[in-house]
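Structure data follow from query.txt (compact mmCIF, C-alpha atoms):
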```
# COMPACT_ATOMS: atom_id res chain seq x y z
CA MET H 1 0.92 -10.44 -29.53
CA LEU H 2 -1.45 -8.21 -27.58
CA GLN H 3 -2.96 -5.16 -29.26
CA PRO H 4 -2.40 -1.82 -27.46
CA GLY H 5 -5.22 -1.27 -24.95
CA SER H 6 -6.04 -4.97 -24.63
CA ALA H 7 -5.31 -7.53 -21.91
CA ALA H 8 -4.79 -11.28 -21.58
CA ARG H 9 -6.91 -12.93 -18.91
CA CYS H 10 -6.60 -16.16 -16.93
CA GLN H 11 -8.87 -18.88 -18.35
CA CYS H 12 -9.56 -20.13 -14.81
CA CYS H 13 -10.38 -17.05 -12.77
CA ASN H 14 -10.55 -14.27 -15.40
CA SER H 15 -7.96 -12.07 -13.65
CA VAL H 16 -5.75 -9.92 -15.89
CA LEU H 17 -2.40 -11.64 -16.57
CA VAL H 18 -0.74 -9.09 -18.86
CA HIS H 19 -2.07 -5.90 -20.37
CA ARG H 20 -0.62 -3.74 -23.08
CA PRO H 21 -1.21 -0.06 -22.26
CA LYS H 22 -2.17 2.39 -25.00
CA GLY H 23 0.51 4.86 -26.01
CA GLY H 24 3.40 2.49 -25.32
CA LEU H 25 6.39 3.33 -23.17
CA ASP H 26 6.41 7.03 -24.08
CA ARG H 27 3.09 7.72 -22.39
CA THR H 28 4.15 5.81 -19.26
CA ILE H 29 7.43 7.76 -19.13
CA ALA H 30 5.54 11.07 -19.51
CA LEU H 31 3.19 10.18 -16.65
CA TYR H 32 6.04 9.17 -14.32
CA LEU H 33 7.95 12.39 -15.15
CA ALA H 34 4.83 14.40 -14.24
CA ALA H 35 4.54 12.38 -11.02
CA LEU H 36 8.19 13.13 -10.17
CA ILE H 37 7.66 16.90 -10.56
CA LEU H 38 4.46 16.81 -8.47
CA LEU H 39 6.19 14.69 -5.81
CA ILE H 40 8.96 17.28 -5.43
CA LEU H 41 6.41 20.14 -5.27
CA ALA H 42 4.25 18.28 -2.76
CA ASN H 43 7.17 17.73 -0.41
CA ALA H 44 8.94 21.08 -0.82
CA PHE H 45 6.13 23.37 0.32
CA PRO H 46 3.94 23.59 3.44
CA PHE H 47 0.99 21.25 3.37
CA LEU H 48 -1.30 22.81 5.94
CA THR H 49 -0.98 25.90 8.10
CA LEU H 50 -2.80 25.86 11.38
CA ASP H 51 -3.75 29.12 13.08
CA ILE H 52 -4.48 28.81 16.79
CA GLN H 53 -5.01 32.19 18.45
CA GLY H 54 -2.38 33.96 16.42
CA ARG H 55 0.19 31.15 16.62
CA GLU H 56 1.02 29.49 13.33
CA GLU H 57 1.91 25.84 12.93
CA ILE H 58 3.21 24.85 9.52
CA THR H 59 3.30 21.21 8.48
CA THR H 60 4.85 19.43 5.54
CA ILE H 61 4.08 15.84 4.52
CA LEU H 62 7.36 14.79 6.11
CA GLY H 63 6.19 16.61 9.27
CA ALA H 64 3.65 13.85 9.95
CA SER H 65 6.50 11.34 10.47
CA ILE H 66 8.71 13.80 12.35
CA GLY H 67 5.90 14.58 14.82
CA LEU H 68 5.50 10.90 15.66
CA TYR H 69 9.25 10.47 16.05
CA GLN H 70 9.48 13.42 18.43
CA SER H 71 6.65 11.97 20.52
CA GLY H 72 8.68 8.80 21.02
CA MET H 73 6.86 6.62 18.49
CA GLY H 74 9.80 5.78 16.26
CA GLU H 75 8.24 2.57 14.92
CA LEU H 76 5.08 4.33 13.83
CA ALA H 77 7.11 7.20 12.36
CA VAL H 78 8.91 4.68 10.12
CA VAL H 79 5.58 3.18 8.96
CA VAL H 80 4.20 6.63 8.10
CA LEU H 81 7.49 7.69 6.46
CA ILE H 82 7.51 4.61 4.19
CA THR H 83 3.82 4.82 3.21
CA SER H 84 3.62 8.59 2.68
CA VAL H 85 7.07 9.62 1.42
CA LEU H 86 9.66 6.88 0.81
CA GLY H 87 7.36 4.26 -0.81
CA PRO H 88 5.85 6.59 -3.44
CA ALA H 89 9.20 8.31 -4.07
CA MET H 90 11.04 5.02 -4.61
CA LEU H 91 8.24 3.65 -6.79
CA ILE H 92 8.42 6.70 -9.08
CA ALA H 93 12.25 6.76 -9.14
CA CYS H 94 12.62 3.00 -9.77
CA SER H 95 9.93 2.97 -12.48
CA LEU H 96 11.52 5.93 -14.32
CA TYR H 97 14.98 4.35 -14.06
CA VAL H 98 13.83 1.09 -15.67
CA LEU H 99 11.56 2.76 -18.25
CA LEU H 100 14.32 5.10 -19.47
CA ALA H 101 16.87 2.27 -19.56
CA VAL H 102 14.55 0.08 -21.67
CA ARG H 103 13.17 2.85 -23.91
CA TYR H 104 16.55 4.37 -24.84
CA ARG H 105 18.60 1.15 -24.47
CA LEU H 106 20.83 2.76 -21.84
CA PRO H 107 23.45 0.43 -20.32
CA LEU H 108 22.47 1.36 -16.74
CA PRO H 109 23.54 -0.95 -13.89
CA ALA H 110 21.11 -3.18 -11.94
CA VAL H 111 18.07 -2.63 -14.19
CA ARG H 112 16.83 -6.20 -13.57
CA PRO H 113 16.99 -6.15 -9.74
CA VAL H 114 15.30 -2.71 -9.72
CA LEU H 115 12.49 -3.96 -11.98
CA ALA H 116 12.06 -7.04 -9.75
CA TRP H 117 11.78 -4.66 -6.76
CA ILE H 118 8.98 -2.52 -8.18
CA SER H 119 6.20 -5.09 -7.71
CA HIS H 120 7.16 -5.41 -4.02
CA LEU H 121 7.07 -1.62 -3.56
CA GLU H 122 3.66 -1.00 -5.06
CA PRO H 123 1.34 -1.98 -2.15
CA TRP H 124 3.23 0.26 0.30
CA GLY H 125 2.65 3.63 -1.34
CA MET H 126 -0.52 4.96 0.30
CA LEU H 127 -0.88 8.53 -0.92
CA ASP H 128 -4.65 8.20 -1.48
CA VAL H 129 -5.19 6.83 2.03
CA PHE H 130 -3.01 9.64 3.41
CA MET H 131 -5.26 12.15 1.61
CA LEU H 132 -8.35 10.67 3.30
CA GLY H 133 -6.49 11.05 6.61
CA VAL H 134 -5.91 14.74 5.78
CA LEU H 135 -9.66 15.25 5.19
CA VAL H 136 -10.57 13.57 8.49
CA SER H 137 -7.97 15.63 10.42
CA PHE H 138 -9.31 18.75 8.74
CA VAL H 139 -12.81 18.15 10.08
CA LYS H 140 -11.49 17.17 13.50
CA LEU H 141 -9.53 20.40 13.91
CA ALA H 142 -12.10 22.65 12.23
CA GLY H 143 -13.69 23.74 15.51
CA MET H 144 -10.37 24.34 17.22
CA ALA H 145 -8.36 26.40 14.78
CA THR H 146 -8.32 28.13 11.42
CA MET H 147 -6.56 26.21 8.69
CA HIS H 148 -4.99 27.35 5.46
CA THR H 149 -4.15 24.99 2.65
CA GLY H 150 -0.67 25.21 1.18
CA LEU H 151 0.51 24.89 -2.42
CA SER H 152 1.70 21.40 -1.60
CA LEU H 153 -1.86 20.17 -0.96
CA TYR H 154 -2.84 20.88 -4.59
CA ALA H 155 0.34 19.26 -5.88
CA PHE H 156 -0.50 16.28 -3.67
CA VAL H 157 -3.99 15.83 -5.18
CA GLY H 158 -2.42 15.99 -8.65
CA LEU H 159 0.22 13.50 -7.58
CA ILE H 160 -2.43 10.97 -6.49
CA LEU H 161 -4.24 11.19 -9.84
CA VAL H 162 -1.07 11.07 -11.95
CA THR H 163 0.41 8.17 -9.94
CA ALA H 164 -2.80 6.18 -10.40
CA ALA H 165 -2.66 6.76 -14.17
CA ALA H 166 1.07 5.97 -14.28
CA THR H 167 0.82 2.66 -12.39
CA ALA H 168 -2.11 1.66 -14.64
CA ALA H 169 0.09 2.34 -17.70
CA PHE H 170 3.02 0.35 -16.29
CA GLU H 171 3.26 -3.32 -17.28
CA PRO H 172 6.38 -5.01 -15.85
CA TYR H 173 5.93 -8.19 -17.94
CA LEU H 174 6.31 -6.21 -21.19
CA LEU H 175 9.47 -4.58 -19.85
CA TRP H 176 10.87 -8.01 -18.94
CA GLN H 177 10.04 -9.16 -22.47
CA ARG H 178 11.99 -6.26 -23.95
CA LEU H 179 14.94 -6.87 -21.65
CA GLY H 180 15.03 -10.53 -22.73
CA LEU H 181 17.50 -13.08 -21.42
CA PRO H 182 20.83 -11.67 -20.19
CA GLN H 183 23.60 -12.22 -22.72
CA ARG H 184 26.58 -14.29 -21.68
CA GLY H 185 29.82 -12.43 -21.00
CA ARG H 186 28.10 -9.06 -20.99
CA HIS H 187 27.21 -7.03 -17.93
CA ALA H 188 24.26 -8.87 -16.38
CA GLY H 189 22.57 -5.71 -15.06
CA MET E 1 -5.44 -27.14 -19.39
CA ARG E 2 -3.33 -25.54 -16.68
CA ALA E 3 0.40 -24.84 -16.63
CA LYS E 4 0.82 -26.93 -13.48
CA GLU E 5 -0.47 -30.05 -15.26
CA LEU E 6 2.16 -29.54 -17.98
CA GLY E 7 4.95 -29.12 -15.42
CA LEU E 8 5.35 -25.48 -16.42
CA ALA E 9 6.00 -22.72 -13.91
CA GLY E 10 5.48 -19.03 -14.54
CA CYS E 11 8.16 -16.95 -12.80
CA HIS E 12 6.45 -15.06 -9.95
CA THR E 13 8.52 -11.95 -10.68
CA CYS E 14 8.86 -11.61 -14.46
CA GLY E 15 6.25 -14.03 -15.81
CA LEU E 16 8.67 -16.13 -17.91
CA LEU E 17 7.16 -19.58 -18.51
CA LEU E 18 9.61 -22.42 -17.89
CA ARG E 19 9.67 -26.18 -17.46
CA LEU E 20 10.43 -26.86 -13.81
CA PRO E 21 13.23 -29.46 -13.32
CA GLU E 22 12.57 -32.74 -11.41
CA THR E 23 14.24 -31.38 -8.27
CA GLY E 24 11.81 -28.48 -8.18
CA HIS E 25 14.60 -26.01 -7.43
CA ALA E 26 15.65 -23.55 -10.10
CA HIS E 27 16.21 -19.86 -10.70
CA CYS E 28 14.68 -17.79 -13.43
CA PRO E 29 17.26 -17.15 -16.18
CA ARG E 30 15.69 -13.76 -16.97
CA CYS E 31 15.31 -12.14 -13.54
CA ALA E 32 17.21 -14.53 -11.20
CA SER E 33 14.22 -15.04 -8.85
CA PRO E 34 13.68 -18.54 -7.39
CA LEU E 35 11.09 -20.51 -9.40
CA HIS E 36 8.07 -22.23 -7.85
CA LEU E 37 4.79 -23.70 -9.07
CA ARG E 38 3.07 -22.03 -6.10
CA THR E 39 4.21 -19.55 -3.43
CA PRO E 40 6.25 -21.74 -1.02
CA ASN E 41 4.60 -22.45 2.37
CA SER E 42 1.77 -20.14 1.36
CA ILE E 43 -0.84 -21.59 3.72
CA SER E 44 1.31 -21.83 6.87
CA THR E 45 2.86 -18.36 6.40
CA THR E 46 -0.56 -16.81 5.79
CA TRP E 47 -1.93 -18.54 8.91
CA ALA E 48 1.00 -17.31 11.03
CA LEU E 49 0.58 -13.69 9.90
CA LEU E 50 -3.20 -13.88 10.25
CA ILE E 51 -3.03 -15.23 13.83
CA ALA E 52 -0.55 -12.47 14.72
CA ALA E 53 -2.97 -9.90 13.27
CA ILE E 54 -5.90 -11.33 15.24
CA ALA E 55 -3.79 -11.15 18.43
CA MET E 56 -3.01 -7.48 17.78
CA TYR E 57 -6.64 -6.61 17.00
CA LEU E 58 -7.65 -6.59 20.68
CA PRO E 59 -4.98 -4.15 21.97
CA ALA E 60 -5.60 -2.04 18.85
CA ASN E 61 -9.21 -1.50 19.93
CA ILE E 62 -8.75 -1.40 23.71
CA PHE E 63 -5.76 0.96 24.09
CA PRO E 64 -5.99 4.63 23.15
CA VAL E 65 -4.61 5.64 19.75
CA MET E 66 -3.96 9.16 21.02
CA ALA E 67 -4.27 11.39 24.07
CA VAL E 68 -5.45 14.98 23.76
CA THR E 69 -4.33 17.33 26.54
CA SER E 70 -5.93 20.74 26.61
CA LEU E 71 -5.87 23.16 29.58
CA GLY E 72 -4.61 20.48 31.94
CA ASN E 73 -7.23 17.89 31.05
CA THR E 74 -6.12 14.74 29.29
CA GLN E 75 -8.58 12.75 27.26
CA ALA E 76 -7.67 9.40 25.75
CA ASP E 77 -9.15 8.43 22.38
CA THR E 78 -9.63 4.86 21.20
CA ILE E 79 -10.68 3.97 17.65
CA MET E 80 -14.33 3.57 18.66
CA SER E 81 -14.38 6.83 20.64
CA GLY E 82 -13.18 8.57 17.45
CA VAL E 83 -16.21 7.18 15.61
CA ILE E 84 -18.53 8.24 18.46
CA TYR E 85 -16.98 11.73 18.48
CA PHE E 86 -17.98 12.29 14.85
CA LEU E 87 -21.47 10.83 15.45
CA LYS E 88 -22.07 13.23 18.37
CA HIS E 89 -21.08 16.19 16.21
CA GLY E 90 -23.48 15.09 13.50
CA ASP E 91 -20.69 14.22 11.05
CA TRP E 92 -22.18 10.85 10.24
CA PRO E 93 -20.48 10.49 6.81
CA LEU E 94 -17.07 10.78 8.50
CA ALA E 95 -18.18 8.51 11.35
CA LEU E 96 -19.16 5.96 8.71
CA ILE E 97 -15.82 6.27 6.83
CA ILE E 98 -13.80 5.78 10.03
CA PHE E 99 -16.03 2.93 11.22
CA VAL E 100 -15.80 1.09 7.89
CA ALA E 101 -12.05 1.69 7.39
CA SER E 102 -10.89 1.07 10.96
CA VAL E 103 -13.34 -1.39 12.49
CA LEU E 104 -15.24 -3.22 9.75
CA VAL E 105 -12.54 -3.65 7.06
CA PRO E 106 -9.86 -5.23 9.34
CA LEU E 107 -12.48 -7.54 10.88
CA LEU E 108 -13.94 -8.62 7.51
CA LYS E 109 -10.45 -9.00 6.08
CA MET E 110 -9.41 -11.39 8.85
CA LEU E 111 -12.67 -13.35 8.43
CA ALA E 112 -12.19 -13.53 4.65
CA LEU E 113 -8.60 -14.78 4.95
CA THR E 114 -9.65 -17.38 7.55
CA TYR E 115 -12.42 -18.62 5.24
CA LEU E 116 -10.07 -18.74 2.22
CA LEU E 117 -7.42 -20.67 4.17
CA VAL E 118 -9.90 -23.18 5.65
CA SER E 119 -11.64 -23.74 2.31
CA VAL E 120 -8.30 -24.33 0.53
CA GLN E 121 -7.14 -26.72 3.25
CA ARG E 122 -10.42 -28.67 3.02
CA ARG E 123 -9.95 -28.82 -0.78
CA SER E 124 -13.38 -27.28 -1.21
CA PRO E 125 -14.71 -27.14 -4.79
CA PHE E 126 -17.26 -24.51 -3.69
CA ARG E 127 -17.67 -21.26 -5.76
CA LYS E 128 -14.09 -20.88 -6.95
CA HIS E 129 -14.86 -17.73 -8.96
CA GLN E 130 -16.48 -16.00 -6.00
CA ARG E 131 -13.67 -17.04 -3.66
CA THR E 132 -11.09 -15.64 -6.10
CA LYS E 133 -13.08 -12.39 -6.23
CA LEU E 134 -13.22 -12.32 -2.42
CA TYR E 135 -9.43 -12.62 -2.40
CA ARG E 136 -8.98 -9.77 -4.91
CA ILE E 137 -11.26 -7.48 -2.86
CA THR E 138 -9.43 -8.40 0.37
CA GLU E 139 -6.13 -7.52 -1.29
CA LEU E 140 -7.49 -4.20 -2.61
CA VAL E 141 -9.28 -2.65 0.37
CA GLY E 142 -6.85 -3.57 3.17
CA ARG E 143 -4.62 -0.52 2.79
CA TRP E 144 -7.49 1.92 3.47
CA SER E 145 -7.45 0.88 7.15
CA MET E 146 -4.22 2.89 7.47
CA VAL E 147 -6.30 6.08 7.49
CA ASP E 148 -6.54 6.23 11.30
CA VAL E 149 -2.77 5.96 11.65
CA PHE E 150 -2.37 8.93 9.29
CA VAL E 151 -4.99 10.93 11.22
CA VAL E 152 -3.04 10.38 14.46
CA ALA E 153 0.24 11.34 12.75
CA LEU E 154 -1.24 14.51 11.23
CA LEU E 155 -2.96 15.61 14.45
CA VAL E 156 0.26 15.06 16.44
CA ALA E 157 2.23 17.06 13.88
CA LEU E 158 -0.29 19.91 13.61
CA VAL E 159 -1.24 20.39 17.25
CA GLN E 160 1.94 21.12 19.13
CA VAL E 161 0.95 24.43 20.62
CA GLY E 162 2.29 23.74 24.10
CA GLN E 163 0.12 25.62 26.60
CA LEU E 164 -3.13 25.34 24.67
CA ALA E 165 -3.23 21.74 23.59
CA THR E 166 -0.97 18.82 22.78
CA ILE E 167 -1.76 15.52 21.14
CA GLU E 168 0.35 12.47 21.94
CA PRO E 169 0.18 9.19 20.03
CA GLY E 170 -0.89 6.13 22.07
CA VAL E 171 0.16 2.45 22.03
CA GLY E 172 -3.16 1.57 20.37
CA ALA E 173 -1.89 3.26 17.22
CA ILE E 174 1.13 0.92 17.02
CA ALA E 175 -1.08 -2.13 17.60
CA PHE E 176 -3.50 -0.88 14.97
CA ALA E 177 -0.78 -0.20 12.38
CA SER E 178 0.57 -3.72 12.96
CA VAL E 179 -2.90 -5.22 12.36
CA VAL E 180 -3.06 -3.43 9.00
CA ILE E 181 0.50 -4.39 7.98
CA LEU E 182 0.17 -8.03 9.15
CA THR E 183 -3.12 -8.56 7.26
CA MET E 184 -1.63 -6.90 4.15
CA VAL E 185 1.42 -9.20 4.18
CA ALA E 186 -0.86 -12.19 4.94
CA ALA E 187 -2.97 -11.40 1.85
CA LEU E 188 0.20 -11.04 -0.26
CA ARG E 189 1.51 -14.43 0.91
CA PHE E 190 -1.74 -16.22 0.09
CA ASP E 191 -1.53 -17.81 -3.36
CA PRO E 192 -4.99 -17.57 -5.01
CA ARG E 193 -4.08 -20.34 -7.47
CA LEU E 194 -4.41 -22.78 -4.54
CA ILE E 195 -8.19 -22.25 -4.78
CA TRP E 196 -8.13 -23.79 -8.28
CA ASP E 197 -5.83 -26.72 -7.51
CA HIS E 198 -8.56 -29.08 -6.30
```
The structure in this file should be written as structure tokens.
Amino acid sequence: MLQPGSAARCQCCNSVLVHRPKGGLDRTIALYLAALILLILANAFPFLTLDIQGREEITTILGASIGLYQSGMGELAVVVLITSVLGPAMLIACSLYVLLAVRYRLPLPAVRPVLAWISHLEPWGMLDVFMLGVLVSFVKLAGMATMHTGLSLYAFVGLILVTAAATAAFEPYLLWQRLGLPQRGRHAG
Amino acid sequence: MRAKELGLAGCHTCGLLLRLPETGHAHCPRCASPLHLRTPNSISTTWALLIAAIAMYLPANIFPVMAVTSLGNTQADTIMSGVIYFLKHGDWPLALIIFVASVLVPLLKMLALTYLLVSVQRRSPFRKHQRTKLYRITELVGRWSMVDVFVVALLVALVQVGQLATIEPGVGAIAFASVVILTMVAALRFDPRLIWDH
């Protein structure tokens, strides 16, 4: 049995196989709840306001995908939508769903398929990369217009930090261990 | 001692350790995923995705990623011209970030995957630890190349002022996004345990 805060490593290549986060499931649940609140804030308010000669352009995070779609780049809009909004949102929602079901022994449906999904979702949330893109765009437009940051930008920075902490405190193998083998005759979810 | 030598397979999804039956086909009793000793067809799938990425790398760098129209003049921007733009304005840290993320990282990533595939196919016993580390780095940094796609998306969304200036996305952006996605999936399909099998 692993002690909290320790990890088991591969004897061949020394990569981490399983780690047991400190603070158990409660800390992970707290971090994902914080991430959920920040995610809603980050998407509900304007991200950047651009001021070009008295005309104001307001953009939300979702606006980045909508702009591409309106310019006839539907494929690219889908890529940006998944990496900046859908991917992170689904990762947070799926993780919370499984964590709450395991922690409070709730008989929720489809816990196993959702948990199996989470590892496939993880590489496609790119909030940190999106933030770097915001900084670059900021500098590019600096000479052309005045920009104002919105409330959402601060929520977004918080979201990046909290999501990083939450994914580090999430160990799917321990959740699988607690779920155990499905019992015969009972609901397999 | 390795699990493979004992005929044991760790489930790729939930980590449950099981004895693989003679037929080699089984499903995990805990999470219902198919069981394998190694990712099936890892080398050929990785090659296919990698070759597709290499093919897309040329259009990604030749075609413009966006076109800026201001006061009737249209100027097309490729990835390299974006780097040069920042250099001319003295923003060399940003020029460096864009150059590393958009030009260097995809190129090095494709080289690294090619080397890993060739060395595994030749059953090379050379520097297994370092090759595993190379794989982990390749897997980790690939997503940062997406930054240029986000810059295009944000500029298109922000600058829609009509008479003054408009920014339209270009085909180069689609080609570039597909290079990033194809190399990411290629890295995910590569099974690093193959390095240690010989």
Fewer than 5 positions away in the same chain doesn't count, so skip those; otherwise give me all residues within 12 Å of Thr60 in chain H, counting all atoms listed in the file, as JSON, numbers by chain.
{"H": [40, 41, 42, 43, 44, 45, 46, 47, 48, 49, 50, 65, 66, 67, 84, 85, 134, 149, 150, 151, 152, 153, 156], "E": [153, 154, 157, 158]}
Residues near range 110-127 of chain H, cut-off 8 Å, only C-alpha atoms, skip fewer than 4 positions along chain, as a VMD selection string:
(chain H and resid 82 to 85 87 to 88 90 to 91 94 to 95 97 to 98 101 131 160 172 188 to 189) or (chain E and resid 13 to 14 31 143)
C-alpha atoms of the current selection, written as a short mmCIF file (atom, residue, chain, number, x, y, z; two decimals), in the frame of the given file:
```cif
data_model
loop_
_atom_site.label_atom_id
_atom_site.label_comp_id
_atom_site.auth_asym_id
_atom_site.auth_seq_id
_atom_site.Cartn_x
_atom_site.Cartn_y
_atom_site.Cartn_z
CA ILE H 82 7.51 4.61 4.19
CA THR H 83 3.82 4.82 3.21
CA SER H 84 3.62 8.59 2.68
CA VAL H 85 7.07 9.62 1.42
CA GLY H 87 7.36 4.26 -0.81
CA PRO H 88 5.85 6.59 -3.44
CA MET H 90 11.04 5.02 -4.61
CA LEU H 91 8.24 3.65 -6.79
CA CYS H 94 12.62 3.00 -9.77
CA SER H 95 9.93 2.97 -12.48
CA TYR H 97 14.98 4.35 -14.06
CA VAL H 98 13.83 1.09 -15.67
CA ALA H 101 16.87 2.27 -19.56
CA MET H 131 -5.26 12.15 1.61
CA ILE H 160 -2.43 10.97 -6.49
CA PRO H 172 6.38 -5.01 -15.85
CA ALA H 188 24.26 -8.87 -16.38
CA GLY H 189 22.57 -5.71 -15.06
CA THR E 13 8.52 -11.95 -10.68
CA CYS E 14 8.86 -11.61 -14.46
CA CYS E 31 15.31 -12.14 -13.54
CA ARG E 143 -4.62 -0.52 2.79
#
```
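Note that CA of Val83 in chain E and CA of Val149 in chain E are 14.1 Å apart.
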Could you list, as number ranges by chain, every residue of chain E that has an atom within 8 Å of an atom of chain H, counting only C-alpha atoms?
E: 13-15, 29-31, 94, 128-129, 132, 143-144, 146-151, 153-161, 168-169, 173-174, 177, 196
Please return, as a PyMOL selection string, all polymer residues that have at least one atom within 10 Å of the point (2.8, 5.1, -10.9); use only C-alpha atoms and the file's own coordinate frame.
chain H and resi 28-29+31-33+35-36+88-89+91-93+95-96+122+125+159-170
Write out as number ranges by chain each polymer residue whose atoms come within 12 Å of Val103 in chain E, counting all atoms listed in the file; drop sequence neighbours fewer than 2 positions from it.
E: 57-58, 60-61, 78-83, 95-101, 105-110, 142, 144-148, 176, 179-180
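Remark: for Asp197 in chain E, the closest of the candidate residues E:Arg38, E:Arg136, E:His25, E:Lys88 is E:Arg38 (distances computed over only C-alpha atoms).
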Ala187 in chain E environment, 8 Å, all atoms listed in the file, sequence neighbours closer than 5 positions dropped, as a ChimeraX atom specification:
/E:46,113,135,138-139
Put the listed atoms of range 168-179 of chain E in a box along x, y and z with 3 Å added on every side and give me the centre and edge lengths in Å to one decimal, as lines of an AutoDock Vina configuration file.
```
center_x = -1.2
center_y = 3.6
center_z = 17.2
size_x = 10.6
size_y = 23.7
size_z = 15.7
```
Work out how far CA of Ala186 in chain E is from CA of Arg127 in chain E, in Å to one decimal.
21.9 Å
What would range 23-39 of chain H look like with N, CA and C atoms restored, written as an mmCIF file, in the coordinates of the input?
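The file below, out_3.cif, is the result:
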```
data_model
loop_
_atom_site.group_PDB
_atom_site.id
_atom_site.type_symbol
_atom_site.label_atom_id
_atom_site.label_comp_id
_atom_site.auth_asym_id
_atom_site.auth_seq_id
_atom_site.Cartn_x
_atom_site.Cartn_y
_atom_site.Cartn_z
ATOM 1 N N GLY H 23 -0.504 3.807 -26.034
ATOM 2 C CA GLY H 23 0.510 4.860 -26.010
ATOM 3 C C GLY H 23 1.914 4.371 -25.748
ATOM 4 N N GLY H 24 2.065 3.069 -25.464
ATOM 5 C CA GLY H 24 3.400 2.490 -25.320
ATOM 6 C C GLY H 24 4.199 3.076 -24.166
ATOM 7 N N LEU H 25 5.519 2.906 -24.257
ATOM 8 C CA LEU H 25 6.390 3.330 -23.170
ATOM 9 C C LEU H 25 6.434 4.847 -23.021
ATOM 10 N N ASP H 26 6.285 5.572 -24.139
ATOM 11 C CA ASP H 26 6.410 7.030 -24.080
ATOM 12 C C ASP H 26 5.370 7.651 -23.151
ATOM 13 N N ARG H 27 4.129 7.158 -23.244
ATOM 14 C CA ARG H 27 3.090 7.720 -22.390
ATOM 15 C C ARG H 27 3.374 7.404 -20.916
ATOM 16 N N THR H 28 3.832 6.187 -20.644
ATOM 17 C CA THR H 28 4.150 5.810 -19.260
ATOM 18 C C THR H 28 5.283 6.688 -18.719
ATOM 19 N N ILE H 29 6.311 6.922 -19.563
ATOM 20 C CA ILE H 29 7.430 7.760 -19.130
ATOM 21 C C ILE H 29 6.938 9.180 -18.834
ATOM 22 N N ALA H 30 6.069 9.714 -19.700
ATOM 23 C CA ALA H 30 5.540 11.070 -19.510
ATOM 24 C C ALA H 30 4.792 11.169 -18.182
ATOM 25 N N LEU H 31 3.966 10.152 -17.887
ATOM 26 C CA LEU H 31 3.190 10.180 -16.650
ATOM 27 C C LEU H 31 4.096 10.114 -15.422
ATOM 28 N N TYR H 32 5.135 9.268 -15.479
ATOM 29 C CA TYR H 32 6.040 9.170 -14.320
ATOM 30 C C TYR H 32 6.872 10.441 -14.153
ATOM 31 N N LEU H 33 7.227 11.121 -15.269
ATOM 32 C CA LEU H 33 7.950 12.390 -15.150
ATOM 33 C C LEU H 33 7.067 13.433 -14.476
ATOM 34 N N ALA H 34 5.772 13.475 -14.875
ATOM 35 C CA ALA H 34 4.830 14.400 -14.240
ATOM 36 C C ALA H 34 4.705 14.087 -12.757
ATOM 37 N N ALA H 35 4.648 12.797 -12.424
ATOM 38 C CA ALA H 35 4.540 12.380 -11.020
ATOM 39 C C ALA H 35 5.761 12.831 -10.230
ATOM 40 N N LEU H 36 6.941 12.735 -10.852
ATOM 41 C CA LEU H 36 8.190 13.130 -10.170
ATOM 42 C C LEU H 36 8.161 14.624 -9.825
ATOM 43 N N ILE H 37 7.721 15.449 -10.793
ATOM 44 C CA ILE H 37 7.660 16.900 -10.560
ATOM 45 C C ILE H 37 6.667 17.205 -9.437
ATOM 46 N N LEU H 38 5.478 16.570 -9.494
ATOM 47 C CA LEU H 38 4.460 16.810 -8.470
ATOM 48 C C LEU H 38 4.929 16.329 -7.096
ATOM 49 N N LEU H 39 5.675 15.219 -7.083
ATOM 50 C CA LEU H 39 6.190 14.690 -5.810
ATOM 51 C C LEU H 39 7.137 15.691 -5.149
#
```
